[in-house]
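Novice: This is the structure I want to talk about, given as structure tokens.
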Amino acid sequence: MSYQIEEQKVFNSGHSACPGCSEALAIRFILNTLGPDTIAVVPPSCIAIISGPQPLSSMRIPVYQSTLESSAASAAGIKRALTAQGNDHTTVVAIAGDGGTYDIGFQSLSSAAERGEDIIYICLDNEGYMNTGSQKSSATPSLAYTTSTPAGKGTPKKNMAEIMAAHDIPYLATATTGYPEDLARKVAKAQRLTGGLRFIVALVPCLDGWGIPDSAGPKVSRLAVESGVFPLYEVENGVNYTLNFGPKDVPVADYTALQKRYRHLTAKDQEFLQKEVDGNWARLAKKF
Amino acid sequence: MSDAKARIPSIWTTGWTDQLRTGTWRNAVAVHKKRGAPCHGACPVEGEIPLWVRQMREGDSLGAWQTLVAHNPLPAVVGRTCHHPCETGCNRNDYDGAVSINALEQYLGDLAIQEDWALPAPEAELESRVAVVGAGPAGLSCAYHLRRRGFRVALYDANPELGGVLRYGVPEYRLPRKVLAAEVKRIVALGVEVVAGRALSARDLPELEENFAAVFIAFGAQAPKMLPQFPRDDRRVMGGLAFLRLVAKADPPELGAEVLVIGGGSVAMDVAGCALRLGSRVRVVSLESREALPATAEEVEDALLEGATLIDAAMVKEVEEAQGGRLKLRCLKAELDPAAPAGAIWPLEVAGSDFELLADTVILAVGQDPELADWQESVELQGRLVKVDRRFMTSRPGLFAAGDLASDQRLVSVAIGDGKRAAGCIADYLQGGKRDRPKAETEAKTAAEATEETNAEAEAEAEGPEVAFSDINTFYFPKKEPRQREKVAACERSSDFREIKLGFNPARAALQAERCFSCGACTKCDNCFYFCPDMAIVKDPSLPLQYQVLDQYCKGCGCCLAECPRGAVSAKEESK
């Protein structure tokens with residue numbers, strides 16, 4: 001790996017994430033890239049669990065636990081307060097799950113983006129309310145099992161990256177834990193491109209919620225990219241699209257085969273998913 | 001500090017999670033452990049292939065060559081003549097084609113000759129003298145490994161030049177003489193005393209045993225197997241090795257226009273290639289079908305490309321005189337009896353498949369036996385071979401044997417490997433001093449040896465099972481075309497004995513070395529470090545394997561195992 005992580009111990013061992021947790025891996029890369037001069041805002045989520053348990057913290061930086069609706073607003077407030085104090089160096093980052101981003105925290109995120117708040121917002125997307133026992137969110141993909149969609153979800157995943165691109169924010173990127181170097185580079189770029197809200201949505205497989213072995217998080221994450229389910233790309237100012245890692249002719253079935261949340265799929269279902277992924281990719285590919 | 005603590009309300013953070021011991025959650029812990037690579041496991045000389053390929057990849061050609069010659073003093077020779085089971089075993093076969101290990105070996109061997117690199121000097125100078133009889137692959141290898149250990153070695157050979165079958169059997173177009181000569185010279189330069197042109201027999205044994213602490217015989221298998229259908233003492237019928245020998249001495253016999261080669265092994269293919277180059281039309285008659293020929297697929301393909309015709313699954317029934325001084329061979333198609341015991345060939349005639357072949361010369365290449373007629377008084381034989389124990393000792397204490405005279409595996413690299421192992425056994429024999437020591441001491445030594453063996457077994461176990469393709473994380477290895485060595489075009493070959501394999505240039509060699517997975521051998525890629533969600537692996541350059549697994553934090557998830565590209569991290573089960 002050419003990227004050399006500078007392990008500043010901003011994120012500590014001993015945290016309470018499940019063995020093999022991809023979210024913890026993402027947090028490791030995010031916090032070590034942002035460095036100790038950072039304030040994090042974390043809404044209720046696994047991220048809050050991982051950062052705790054009170055009175056101990058795994059994050060050696062100030063962490064503010066907001067309400068589920070208000071992480072973007074809280075981060076914006078903290079950043080404005082720092083600016084008012086003359087602090088122009090501290091990075092403020094909101095790290096939220098997909099429930100807190102796609103669903104409950106969406107209005108505060110959208111308005112913070114519209115106001116051009118000088119913060120980084122990172123969504124660790126595990127495609128459901130995994131912390132509370134795997135309920136569906138609007139990030140849950142078509143046909144995936146959750147406890148609230150026992151027969152598989154009947155509607156597709158919300159396209160958060162394109163929604164945020166439509167806000168014409170300075171920087172937007174998709175990332176995932178199977179490509180840690182790419183993730184870290186994007187976090188560093190988000191930190192650099194100040195002057196508005198920077199948004200990263202990182203796909204982080206949930207071992208328990210998706211039904212995958214403890215050691216398979218990075219592998220499943222890479223299959224999501226190689227099958228075209230989750231292409232890795234960046235958008236600057238809502239218009240300049242760059243593809244980093246796109247589909248590599250891997251069938252979507254190879255990706256779903258490793259996950260128990262898809263084990264009820266019929267051949268017809270697989271075909272449906274493949275078509276959906278192909279369609280999404282065809283639409284996205286035009287933008288590069 | 002205590003003031004500060006008192007001021008902080010307890011709902012605020014008072015410490016860090018690193019005081020929590022999440023290591024207690026696990027039932028298996030990650031261990032960085034070197035594991036065996038299948039190429040190494042398959043290598044007849046146990047040549048540490050992943051190590052030298054990696055040294056090459058890192059630009060250390062000299063180091064790579066030194067690793068090679070720690071096991072095999074003839075890399076340029078073996079790089080041309082080995083049947084390379086390493087490539088058959090290579091995990092990359094299941095991906096995009098094996099690494100061209102044999103071509104890399106040739107490349108390093110040739111580079112060493114070009115750069116005039118010397119073999120490392122003997123570790124010590126010892127008093128004991130060892131006689132090595134026969135300077136073929138086994139003898140050269142044994143002499144070299146004994147000399148490296150510091151023994152005084154006298155190397156005897158019946159021929160004026162050293163190399164045995166490499167010099168007088170393998171044709172020039174497969175192994176140029178100057179390559180062999182260069183590598184032999186380097187071995188001799190270590191201080192091996194050479195007595196060439198002197199054929200020794202069993203009658204010389206007492207004298208050798210008088211003058212040497214141990215004797216190693218490896219004079220190969222020279223006596224051709226004959227077939228009863230063919231006339232004896234007929235200049236139109238000759239043995240394969242005898243023919244190759246004449247070709248090697250640049251004194252080829254008159255063959256006539258039509259040559260029939262009987263046999264399907266490597267010697268038969270070499271004979272065919274030579275006869276073609278001497279201008280004859282060549283047909284090869286083999287008992288086995290093409291798929292089952294004992295020669296390697298590459299050797300058969302070369303012979304056919306060069307213009308030989310293969311008549312497979314056929315047997316010669318009778319031989320008659322034909323017009324014009326030719327021989328007429330009455331042949332039949334044959335099937336092999338599947339009921340035959342392993343190793344034996346029982347042909348079944350296919351009724352009505354008779355055909356005839358005419359030949360000016362018939363060359364029999366159906367195998368060779370060692371010439372042991374005058375040895376059976378001195379040593380115990382086993383069938384047509386000299387009987388040796390697993391320490392390569394014959395029934396006569398102090399007399400060791402290896403190579404074609406003691407083995408059915410007629411392969412250059414197997415002979416070199418046996419020569420190396422025999423050298424180790426001879427050294428143990430001489431230095432262990434089992435011969436003249438009091439009984440008590442001998443017993444003590446045996447006990448010590450037993451411990452040593454147990455340790456060696458424990459070590460092998462510690463190394464873990466051989467790396468399989470399923471242990472390789474192919475994401476980290478983009479597919480790359482194998483691109484084997486190129487060869488001189490077939491149409492240009494038949495005119496002379498020029499070498500047909502074109503060695504790699506430095507760029508091609510580097511590209512090929514890049515393809516190695518380095519199965520089971522950590523290359524410090526840091527993946528285990530990067531993919532640990534618990535920061536339970538830390539880098540410490542002072543450690544032999546660079547990484548330390550923090551026992552107190554490792555939750556046993558196995559991400560480091562899964563993300564290790566090459567199977568160099570293992571899981572160690574722990575019981576609570």
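Each chain of the structure tokens is named A, B, ... in the order shown, its residues numbered from 1; ligands are numbered from 1 in display order.
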Hey, what's within 12 Å of Asp204 in chain B if we count only C-alpha atoms and toss same-chain stuff fewer than 2 positions away? As a ChimeraX atom specification, please?
Specialist: /B:131,133,156,198-202,206-211,215,217,374-375,378
Novice: Would you pick out the contacts of Cys21 in chain A at 9 Å or less, using only C-alpha atoms, so that residues sharing its chain but fewer than 5 positions from it are not included, and give the list as a list in words?
Specialist: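 My reading of the contact set: Ala26, Val204, Pro205, Cys206, Leu207, Asp214, Ser215 and Gly217 of chain A; Pro533, Asp534 and Cys557 of chain B.
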Novice: Please produce a file of the residues just selected, as a compact mmCIF listing (two decimals), in the first residue's frame, where the atoms kept are N, CA, C and O atoms.
Specialist:
# COMPACT_ATOMS: atom_id res chain seq x y z
N ALA A 26 -13.35 2.08 9.17
CA ALA A 26 -13.55 3.37 8.50
C ALA A 26 -13.20 4.50 9.45
O ALA A 26 -12.51 5.47 9.07
N VAL A 204 -20.10 0.67 4.44
CA VAL A 204 -19.41 -0.16 5.43
C VAL A 204 -20.26 -1.39 5.72
O VAL A 204 -21.27 -1.31 6.38
N PRO A 205 -19.85 -2.54 5.18
CA PRO A 205 -20.63 -3.75 5.40
C PRO A 205 -20.83 -4.00 6.90
O PRO A 205 -19.89 -3.86 7.68
N CYS A 206 -22.07 -4.31 7.29
CA CYS A 206 -22.34 -4.68 8.68
C CYS A 206 -22.35 -6.20 8.76
O CYS A 206 -23.20 -6.87 8.18
N LEU A 207 -21.37 -6.75 9.48
CA LEU A 207 -21.18 -8.20 9.50
C LEU A 207 -22.44 -8.91 9.97
O LEU A 207 -22.91 -9.86 9.34
N ASP A 214 -16.88 -12.69 10.03
CA ASP A 214 -16.12 -11.61 10.66
C ASP A 214 -14.97 -11.08 9.81
O ASP A 214 -14.61 -9.93 9.90
N SER A 215 -14.41 -11.97 9.01
CA SER A 215 -13.19 -11.57 8.28
C SER A 215 -13.51 -11.03 6.89
O SER A 215 -12.60 -10.63 6.16
N GLY A 217 -15.52 -8.43 5.76
CA GLY A 217 -15.94 -7.06 5.49
C GLY A 217 -15.25 -6.43 4.29
O GLY A 217 -15.91 -6.02 3.32
N PRO B 533 -9.35 -3.53 12.42
CA PRO B 533 -10.24 -2.49 12.94
C PRO B 533 -9.93 -2.14 14.39
O PRO B 533 -10.47 -1.18 14.92
N ASP B 534 -9.06 -2.93 15.02
CA ASP B 534 -8.78 -2.75 16.43
C ASP B 534 -7.38 -2.23 16.72
O ASP B 534 -6.98 -2.18 17.88
N CYS B 557 -10.90 -11.49 14.69
CA CYS B 557 -11.86 -11.41 13.58
C CYS B 557 -11.34 -12.10 12.32
O CYS B 557 -12.11 -12.57 11.50
Novice: What's the separation between CA of Tyr429 in chain B and CA of Val69 in chain B, in Å to one decimal place?
Specialist: 23.4 Å
Novice: Each residue of chain A lying at most 6 Å from chain B should get a row with its shortest atom-to-atom pair and the distance in Å to one decimal, counting only C-alpha atoms; could you produce that, ordered by chain and increasing number, as a tab-separated table?
Specialist:
residue	atom	partner	partner_atom	distance
A:Asn12	CA	B:Asp18	CA	5.9
A:Ser13	CA	B:Asp18	CA	5.0
A:Gly14	CA	B:Asp18	CA	4.6
A:His15	CA	B:Thr17	CA	5.7
A:Pro19	CA	B:Cys557	CA	4.9
A:Gly20	CA	B:Cys557	CA	4.8
A:Ala24	CA	B:Pro533	CA	5.3
A:Leu25	CA	B:Pro533	CA	4.3
A:Pro55	CA	B:Thr13	CA	4.4
A:Leu56	CA	B:Gly15	CA	4.8
A:Ser57	CA	B:Trp16	CA	4.8
A:Ser58	CA	B:Thr17	CA	5.0
A:Asp214	CA	B:Cys557	CA	5.2
A:Ser215	CA	B:Cys559	CA	4.2
Novice: Please produce an output containing all heavy atoms for each residue in the selection, written as a PDB file, in the first residue's frame.
Specialist:
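Contents of the output file part27.pdb:
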ATOM      1  N   ASN A  12      -8.632   4.768  19.271  1.00  0.00           N
ATOM      2  CA  ASN A  12      -7.949   3.859  20.192  1.00  0.00           C
ATOM      3  C   ASN A  12      -8.436   2.427  20.136  1.00  0.00           C
ATOM      4  O   ASN A  12      -9.610   2.178  19.887  1.00  0.00           O
ATOM      5  CB  ASN A  12      -8.164   4.339  21.627  1.00  0.00           C
ATOM      6  CG  ASN A  12      -7.250   5.473  21.966  1.00  0.00           C
ATOM      7  OD1 ASN A  12      -6.113   5.276  22.349  1.00  0.00           O
ATOM      8  ND2 ASN A  12      -7.760   6.680  21.798  1.00  0.00           N
ATOM      9  N   SER A  13      -7.533   1.525  20.452  1.00  0.00           N
ATOM     10  CA  SER A  13      -7.912   0.127  20.656  1.00  0.00           C
ATOM     11  C   SER A  13      -8.835   0.044  21.869  1.00  0.00           C
ATOM     12  O   SER A  13      -8.968   0.997  22.627  1.00  0.00           O
ATOM     13  CB  SER A  13      -6.669  -0.719  20.934  1.00  0.00           C
ATOM     14  OG  SER A  13      -5.796  -0.663  19.842  1.00  0.00           O
ATOM     15  N   GLY A  14      -9.451  -1.113  22.013  1.00  0.00           N
ATOM     16  CA  GLY A  14     -10.298  -1.345  23.180  1.00  0.00           C
ATOM     17  C   GLY A  14     -11.732  -0.889  22.965  1.00  0.00           C
ATOM     18  O   GLY A  14     -12.567  -0.998  23.855  1.00  0.00           O
ATOM     19  N   HIS A  15     -12.036  -0.367  21.770  1.00  0.00           N
ATOM     20  CA  HIS A  15     -13.411   0.076  21.500  1.00  0.00           C
ATOM     21  C   HIS A  15     -14.330  -1.139  21.425  1.00  0.00           C
ATOM     22  O   HIS A  15     -13.870  -2.281  21.284  1.00  0.00           O
ATOM     23  CB  HIS A  15     -13.461   0.908  20.215  1.00  0.00           C
ATOM     24  CG  HIS A  15     -12.985   0.166  19.013  1.00  0.00           C
ATOM     25  ND1 HIS A  15     -13.693  -0.854  18.455  1.00  0.00           N
ATOM     26  CD2 HIS A  15     -11.844   0.282  18.271  1.00  0.00           C
ATOM     27  CE1 HIS A  15     -13.030  -1.336  17.414  1.00  0.00           C
ATOM     28  NE2 HIS A  15     -11.895  -0.660  17.293  1.00  0.00           N
ATOM     29  N   PRO A  19     -16.051  -7.836  16.506  1.00  0.00           N
ATOM     30  CA  PRO A  19     -14.820  -8.278  15.830  1.00  0.00           C
ATOM     31  C   PRO A  19     -14.962  -8.149  14.305  1.00  0.00           C
ATOM     32  O   PRO A  19     -15.948  -8.597  13.744  1.00  0.00           O
ATOM     33  CB  PRO A  19     -14.711  -9.752  16.244  1.00  0.00           C
ATOM     34  CG  PRO A  19     -15.501  -9.875  17.504  1.00  0.00           C
ATOM     35  CD  PRO A  19     -16.603  -8.872  17.389  1.00  0.00           C
ATOM     36  N   GLY A  20     -13.986  -7.497  13.685  1.00  0.00           N
ATOM     37  CA  GLY A  20     -13.999  -7.387  12.229  1.00  0.00           C
ATOM     38  C   GLY A  20     -14.824  -6.234  11.686  1.00  0.00           C
ATOM     39  O   GLY A  20     -14.997  -6.113  10.485  1.00  0.00           O
ATOM     40  N   ALA A  24     -15.619   0.407  12.341  1.00  0.00           N
ATOM     41  CA  ALA A  24     -14.464   0.776  13.154  1.00  0.00           C
ATOM     42  C   ALA A  24     -13.254   1.029  12.257  1.00  0.00           C
ATOM     43  O   ALA A  24     -12.474   1.958  12.479  1.00  0.00           O
ATOM     44  CB  ALA A  24     -14.155  -0.330  14.156  1.00  0.00           C
ATOM     45  N   LEU A  25     -13.139   0.193  11.216  1.00  0.00           N
ATOM     46  CA  LEU A  25     -12.023   0.363  10.275  1.00  0.00           C
ATOM     47  C   LEU A  25     -12.121   1.713   9.577  1.00  0.00           C
ATOM     48  O   LEU A  25     -11.129   2.446   9.442  1.00  0.00           O
ATOM     49  CB  LEU A  25     -12.079  -0.775   9.252  1.00  0.00           C
ATOM     50  CG  LEU A  25     -10.881  -0.942   8.347  1.00  0.00           C
ATOM     51  CD1 LEU A  25      -9.631  -1.244   9.162  1.00  0.00           C
ATOM     52  CD2 LEU A  25     -11.132  -2.086   7.358  1.00  0.00           C
ATOM     53  N   PRO A  55     -17.589   6.435  31.009  1.00  0.00           N
ATOM     54  CA  PRO A  55     -16.856   7.676  30.765  1.00  0.00           C
ATOM     55  C   PRO A  55     -15.564   7.483  29.967  1.00  0.00           C
ATOM     56  O   PRO A  55     -14.707   8.335  29.993  1.00  0.00           O
ATOM     57  CB  PRO A  55     -16.560   8.147  32.174  1.00  0.00           C
ATOM     58  CG  PRO A  55     -16.368   6.864  32.935  1.00  0.00           C
ATOM     59  CD  PRO A  55     -17.267   5.842  32.297  1.00  0.00           C
ATOM     60  N   LEU A  56     -15.436   6.353  29.266  1.00  0.00           N
ATOM     61  CA  LEU A  56     -14.235   6.162  28.452  1.00  0.00           C
ATOM     62  C   LEU A  56     -14.549   6.538  27.014  1.00  0.00           C
ATOM     63  O   LEU A  56     -15.696   6.431  26.579  1.00  0.00           O
ATOM     64  CB  LEU A  56     -13.751   4.710  28.507  1.00  0.00           C
ATOM     65  CG  LEU A  56     -13.439   4.143  29.885  1.00  0.00           C
ATOM     66  CD1 LEU A  56     -13.005   2.679  29.774  1.00  0.00           C
ATOM     67  CD2 LEU A  56     -12.352   4.964  30.562  1.00  0.00           C
ATOM     68  N   SER A  57     -13.532   6.918  26.255  1.00  0.00           N
ATOM     69  CA  SER A  57     -13.747   7.233  24.842  1.00  0.00           C
ATOM     70  C   SER A  57     -12.680   6.564  24.000  1.00  0.00           C
ATOM     71  O   SER A  57     -11.537   6.426  24.416  1.00  0.00           O
ATOM     72  CB  SER A  57     -13.694   8.753  24.628  1.00  0.00           C
ATOM     73  OG  SER A  57     -13.745   9.027  23.240  1.00  0.00           O
ATOM     74  N   SER A  58     -13.077   6.117  22.823  1.00  0.00           N
ATOM     75  CA  SER A  58     -12.090   5.553  21.907  1.00  0.00           C
ATOM     76  C   SER A  58     -11.504   6.631  21.005  1.00  0.00           C
ATOM     77  O   SER A  58     -10.540   6.393  20.299  1.00  0.00           O
ATOM     78  CB  SER A  58     -12.740   4.460  21.049  1.00  0.00           C
ATOM     79  OG  SER A  58     -13.724   5.038  20.215  1.00  0.00           O
ATOM     80  N   ASP A 214     -16.883 -12.692  10.031  1.00  0.00           N
ATOM     81  CA  ASP A 214     -16.124 -11.608  10.663  1.00  0.00           C
ATOM     82  C   ASP A 214     -14.974 -11.082   9.812  1.00  0.00           C
ATOM     83  O   ASP A 214     -14.605  -9.926   9.899  1.00  0.00           O
ATOM     84  CB  ASP A 214     -15.530 -12.108  12.002  1.00  0.00           C
ATOM     85  CG  ASP A 214     -16.595 -12.306  13.056  1.00  0.00           C
ATOM     86  OD1 ASP A 214     -17.775 -12.026  12.772  1.00  0.00           O
ATOM     87  OD2 ASP A 214     -16.243 -12.752  14.177  1.00  0.00           O
ATOM     88  N   SER A 215     -14.407 -11.972   9.015  1.00  0.00           N
ATOM     89  CA  SER A 215     -13.195 -11.566   8.282  1.00  0.00           C
ATOM     90  C   SER A 215     -13.508 -11.028   6.885  1.00  0.00           C
ATOM     91  O   SER A 215     -12.604 -10.635   6.162  1.00  0.00           O
ATOM     92  CB  SER A 215     -12.257 -12.765   8.143  1.00  0.00           C
ATOM     93  OG  SER A 215     -12.885 -13.789   7.408  1.00  0.00           O
TER      94      SER A 215
END
Novice: Considering only C-alpha atoms, can you say which of B:Leu119, B:Glu514, B:Asp157, B:Arg152 comes closest to Glu183 in chain B?
Specialist: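 Closest to Glu183 in chain B of all the choices is B:Leu119.
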Novice: Could you tell me, as a ChimeraX atom specification, which residues of range 147-336 of chain B DSSP assigns to alpha helix (DSSP H) when given the backbone?
Specialist: /B:147-148,165-168,177-188,205-211,240-248,266-277,297-305
Novice: Output as a PyMOL selection string all residues of range 105-264 of chain A that backbone DSSP marks as strand (DSSP E or B).
Specialist: chain A and resi 120-125+129+135+146+149+171-176+198-203+232-236+240-245
Novice: Selection from above, N, CA and C atoms, as a compact mmCIF listing (two decimals), in the first residue's frame, can you write it?
Specialist:
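What ended up in result-v8.txt:
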# COMPACT_ATOMS: atom_id res chain seq x y z
N ILE A 120 -17.33 18.93 7.41
CA ILE A 120 -17.29 17.66 6.67
C ILE A 120 -18.39 16.78 7.23
N TYR A 121 -19.13 16.16 6.35
CA TYR A 121 -20.17 15.23 6.81
C TYR A 121 -19.87 13.87 6.19
N ILE A 122 -19.66 12.89 7.06
CA ILE A 122 -19.35 11.54 6.56
C ILE A 122 -20.46 10.59 6.99
N CYS A 123 -21.07 9.96 6.01
CA CYS A 123 -22.10 8.97 6.31
C CYS A 123 -21.49 7.58 6.20
N LEU A 124 -21.49 6.83 7.30
CA LEU A 124 -21.04 5.44 7.26
C LEU A 124 -22.27 4.58 7.01
N ASP A 125 -22.41 4.19 5.78
CA ASP A 125 -23.65 3.61 5.27
C ASP A 125 -23.61 2.08 5.35
N TYR A 129 -30.82 0.20 9.88
CA TYR A 129 -30.67 0.55 11.30
C TYR A 129 -30.08 -0.67 12.01
N GLN A 135 -33.21 -2.87 11.17
CA GLN A 135 -34.44 -2.46 10.49
C GLN A 135 -34.07 -1.77 9.20
N THR A 146 -34.36 -7.25 5.98
CA THR A 146 -34.11 -6.65 7.30
C THR A 146 -35.25 -7.15 8.18
N THR A 149 -38.30 -5.72 6.83
CA THR A 149 -38.65 -6.13 5.45
C THR A 149 -38.34 -7.62 5.32
N TYR A 171 -17.40 19.42 -2.54
CA TYR A 171 -16.81 18.10 -2.70
C TYR A 171 -17.75 17.02 -2.20
N LEU A 172 -17.82 15.99 -2.99
CA LEU A 172 -18.64 14.85 -2.64
C LEU A 172 -17.91 13.61 -3.12
N ALA A 173 -17.91 12.56 -2.30
CA ALA A 173 -17.25 11.34 -2.75
C ALA A 173 -17.96 10.12 -2.20
N THR A 174 -17.86 9.01 -2.92
CA THR A 174 -18.27 7.71 -2.39
C THR A 174 -16.99 6.95 -2.08
N ALA A 175 -17.04 6.15 -1.03
CA ALA A 175 -15.84 5.40 -0.62
C ALA A 175 -16.29 4.12 0.05
N THR A 176 -15.34 3.24 0.31
CA THR A 176 -15.67 2.02 1.06
C THR A 176 -14.43 1.45 1.69
N ARG A 198 -18.66 19.44 2.78
CA ARG A 198 -18.06 18.33 2.01
C ARG A 198 -18.69 17.04 2.52
N PHE A 199 -19.09 16.20 1.58
CA PHE A 199 -19.87 15.03 1.95
C PHE A 199 -19.22 13.76 1.42
N ILE A 200 -19.06 12.77 2.30
CA ILE A 200 -18.56 11.45 1.86
C ILE A 200 -19.55 10.40 2.32
N VAL A 201 -19.99 9.57 1.40
CA VAL A 201 -20.78 8.42 1.81
C VAL A 201 -19.92 7.17 1.62
N ALA A 202 -19.66 6.48 2.75
CA ALA A 202 -18.78 5.30 2.72
C ALA A 202 -19.61 4.06 3.00
N LEU A 203 -19.58 3.11 2.09
CA LEU A 203 -20.28 1.85 2.29
C LEU A 203 -19.48 1.01 3.29
N LEU A 232 -17.03 3.79 -6.93
CA LEU A 232 -16.33 4.82 -6.15
C LEU A 232 -15.99 6.00 -7.05
N TYR A 233 -16.52 7.15 -6.69
CA TYR A 233 -16.26 8.33 -7.52
C TYR A 233 -16.29 9.61 -6.70
N GLU A 234 -15.91 10.70 -7.32
CA GLU A 234 -15.87 12.00 -6.65
C GLU A 234 -16.56 13.02 -7.54
N VAL A 235 -17.15 14.03 -6.90
CA VAL A 235 -17.77 15.13 -7.65
C VAL A 235 -17.35 16.44 -7.02
N GLU A 236 -16.83 17.33 -7.82
CA GLU A 236 -16.48 18.66 -7.30
C GLU A 236 -17.48 19.67 -7.81
N ASN A 240 -18.11 18.31 -11.67
CA ASN A 240 -16.90 17.62 -12.14
C ASN A 240 -16.82 16.22 -11.56
N TYR A 241 -17.20 15.24 -12.36
CA TYR A 241 -17.24 13.85 -11.93
C TYR A 241 -15.94 13.14 -12.26
N THR A 242 -15.39 12.39 -11.29
CA THR A 242 -14.21 11.55 -11.54
C THR A 242 -14.51 10.14 -11.03
N LEU A 243 -14.29 9.16 -11.88
CA LEU A 243 -14.47 7.77 -11.46
C LEU A 243 -13.17 7.24 -10.89
N ASN A 244 -13.20 6.65 -9.70
CA ASN A 244 -11.99 6.07 -9.11
C ASN A 244 -11.94 4.56 -9.33
N PHE A 245 -13.00 3.88 -8.91
CA PHE A 245 -13.07 2.43 -9.13
C PHE A 245 -14.48 2.09 -9.58
Novice: Measuring between only C-alpha atoms, which one of A:Ile104, A:Val239, A:Val63, A:Phe272 shows the shortest distance to Ala253 in chain A?
Specialist: A:Phe272
Novice: Considering only C-alpha atoms, can you say which of A:Leu258, A:Val41, A:Ile95, A:Ile50 comes closest to Trp210 in chain A?
Specialist: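 Smallest separation from Trp210 in chain A among the options: A:Leu258.
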Novice: Counting only C-alpha atoms, what is within 7 Å of Cys82 in chain B, bar same-chain residues fewer than 2 positions away, as a list in words?
Specialist: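 So the residues in contact are Val78, Gly79, Arg80, His84, Val412 and Ser413 of chain B.
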Novice: Let me see the file: selected residues, all heavy atoms, as a compact mmCIF listing (two decimals), in the first residue's frame.
Specialist:
# COMPACT_ATOMS: atom_id res chain seq x y z
N VAL B 78 20.30 -26.31 -14.76
CA VAL B 78 18.97 -26.76 -14.34
C VAL B 78 17.89 -25.83 -14.92
O VAL B 78 16.80 -26.27 -15.25
CB VAL B 78 18.91 -26.83 -12.79
CG1 VAL B 78 17.50 -27.10 -12.32
CG2 VAL B 78 19.84 -27.93 -12.31
N GLY B 79 18.23 -24.55 -15.06
CA GLY B 79 17.30 -23.61 -15.68
C GLY B 79 16.96 -24.00 -17.11
O GLY B 79 16.04 -23.44 -17.71
N ARG B 80 17.71 -24.93 -17.68
CA ARG B 80 17.45 -25.40 -19.04
C ARG B 80 16.92 -26.83 -19.08
O ARG B 80 16.24 -27.21 -20.02
CB ARG B 80 18.74 -25.35 -19.86
CG ARG B 80 19.20 -23.94 -20.15
CD ARG B 80 20.61 -23.95 -20.73
NE ARG B 80 20.93 -22.69 -21.36
CZ ARG B 80 21.42 -21.63 -20.74
NH1 ARG B 80 21.61 -21.66 -19.43
NH2 ARG B 80 21.70 -20.53 -21.40
N HIS B 84 10.82 -28.92 -14.09
CA HIS B 84 10.18 -27.89 -13.26
C HIS B 84 8.82 -28.25 -12.64
O HIS B 84 7.80 -27.64 -12.97
CB HIS B 84 10.11 -26.56 -14.01
CG HIS B 84 9.65 -26.62 -15.45
ND1 HIS B 84 8.34 -26.87 -15.78
CD2 HIS B 84 10.30 -26.45 -16.61
CE1 HIS B 84 8.22 -26.86 -17.08
NE2 HIS B 84 9.39 -26.62 -17.62
N VAL B 412 17.35 -34.84 -13.97
CA VAL B 412 18.56 -34.10 -13.60
C VAL B 412 18.42 -33.48 -12.21
O VAL B 412 19.28 -33.63 -11.35
CB VAL B 412 18.86 -33.01 -14.65
CG1 VAL B 412 19.93 -32.05 -14.15
CG2 VAL B 412 19.27 -33.64 -15.97
N SER B 413 17.29 -32.79 -11.99
CA SER B 413 17.18 -32.06 -10.73
C SER B 413 16.98 -33.00 -9.54
O SER B 413 17.37 -32.66 -8.42
CB SER B 413 16.09 -31.01 -10.80
OG SER B 413 15.00 -31.49 -11.53
Novice: If you measure from CA of Gly211 in chain A to CA of Ala94 in chain A, what distance in Å do you get, rounded to one decimal?
Specialist: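 It comes out at 27.5 Å.
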Novice: For Asn131 in chain A, work out the shell of residues within 10 Å, counting only C-alpha atoms and skipping chain neighbours fewer than 6 positions away, then give it as a list in words.
Specialist: Pro44, Ser45, Cys46, Ile47, Ala48, Ile49, Gly97, Gly99, Cys206, Asp208 and Gly209 of chain A
Novice: Name all residues at most 12 Å from Pro465 in chain B (count only C-alpha atoms; drop same-chain ones fewer than 2 positions away) and give them as a list in words.
Specialist: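 Contacts, in chain order: Lys33, Lys34, Arg35, Gly36, Ala37, Pro38, Gly41, Glu459, Ala460, Glu461, Ala462, Glu463, Val467, Ala468, Asp471, Cys519, Gly520, Gly567, Ala568, Val569 and Ser570 of chain B.
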Novice: Using only C-alpha atoms, which of A:Glu23, A:Asp98, A:Glu117, A:Asp168 sits nearest Thr194 in chain A?
Specialist: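 Smallest separation from Thr194 in chain A among the options: A:Glu117.
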Novice: Which residues, written as a PyMOL selection string, have at least one atom at most 10 Å from range 163-173 of chain B, with only C-alpha atoms counted and residues fewer than 5 positions away on the same chain left out?
Specialist: chain B and resi 77+81+134-140+157-158+178-181+183-184+218-222+240-249+266-267+270-271+273-274+277+412+493+496-501
Novice: For Lys136 in chain A, work out the shell of residues within 6 Å, counting only C-alpha atoms and skipping chain neighbours fewer than 3 positions away, then give it as a ChimeraX atom specification.
Specialist: /A:128,140,146,148
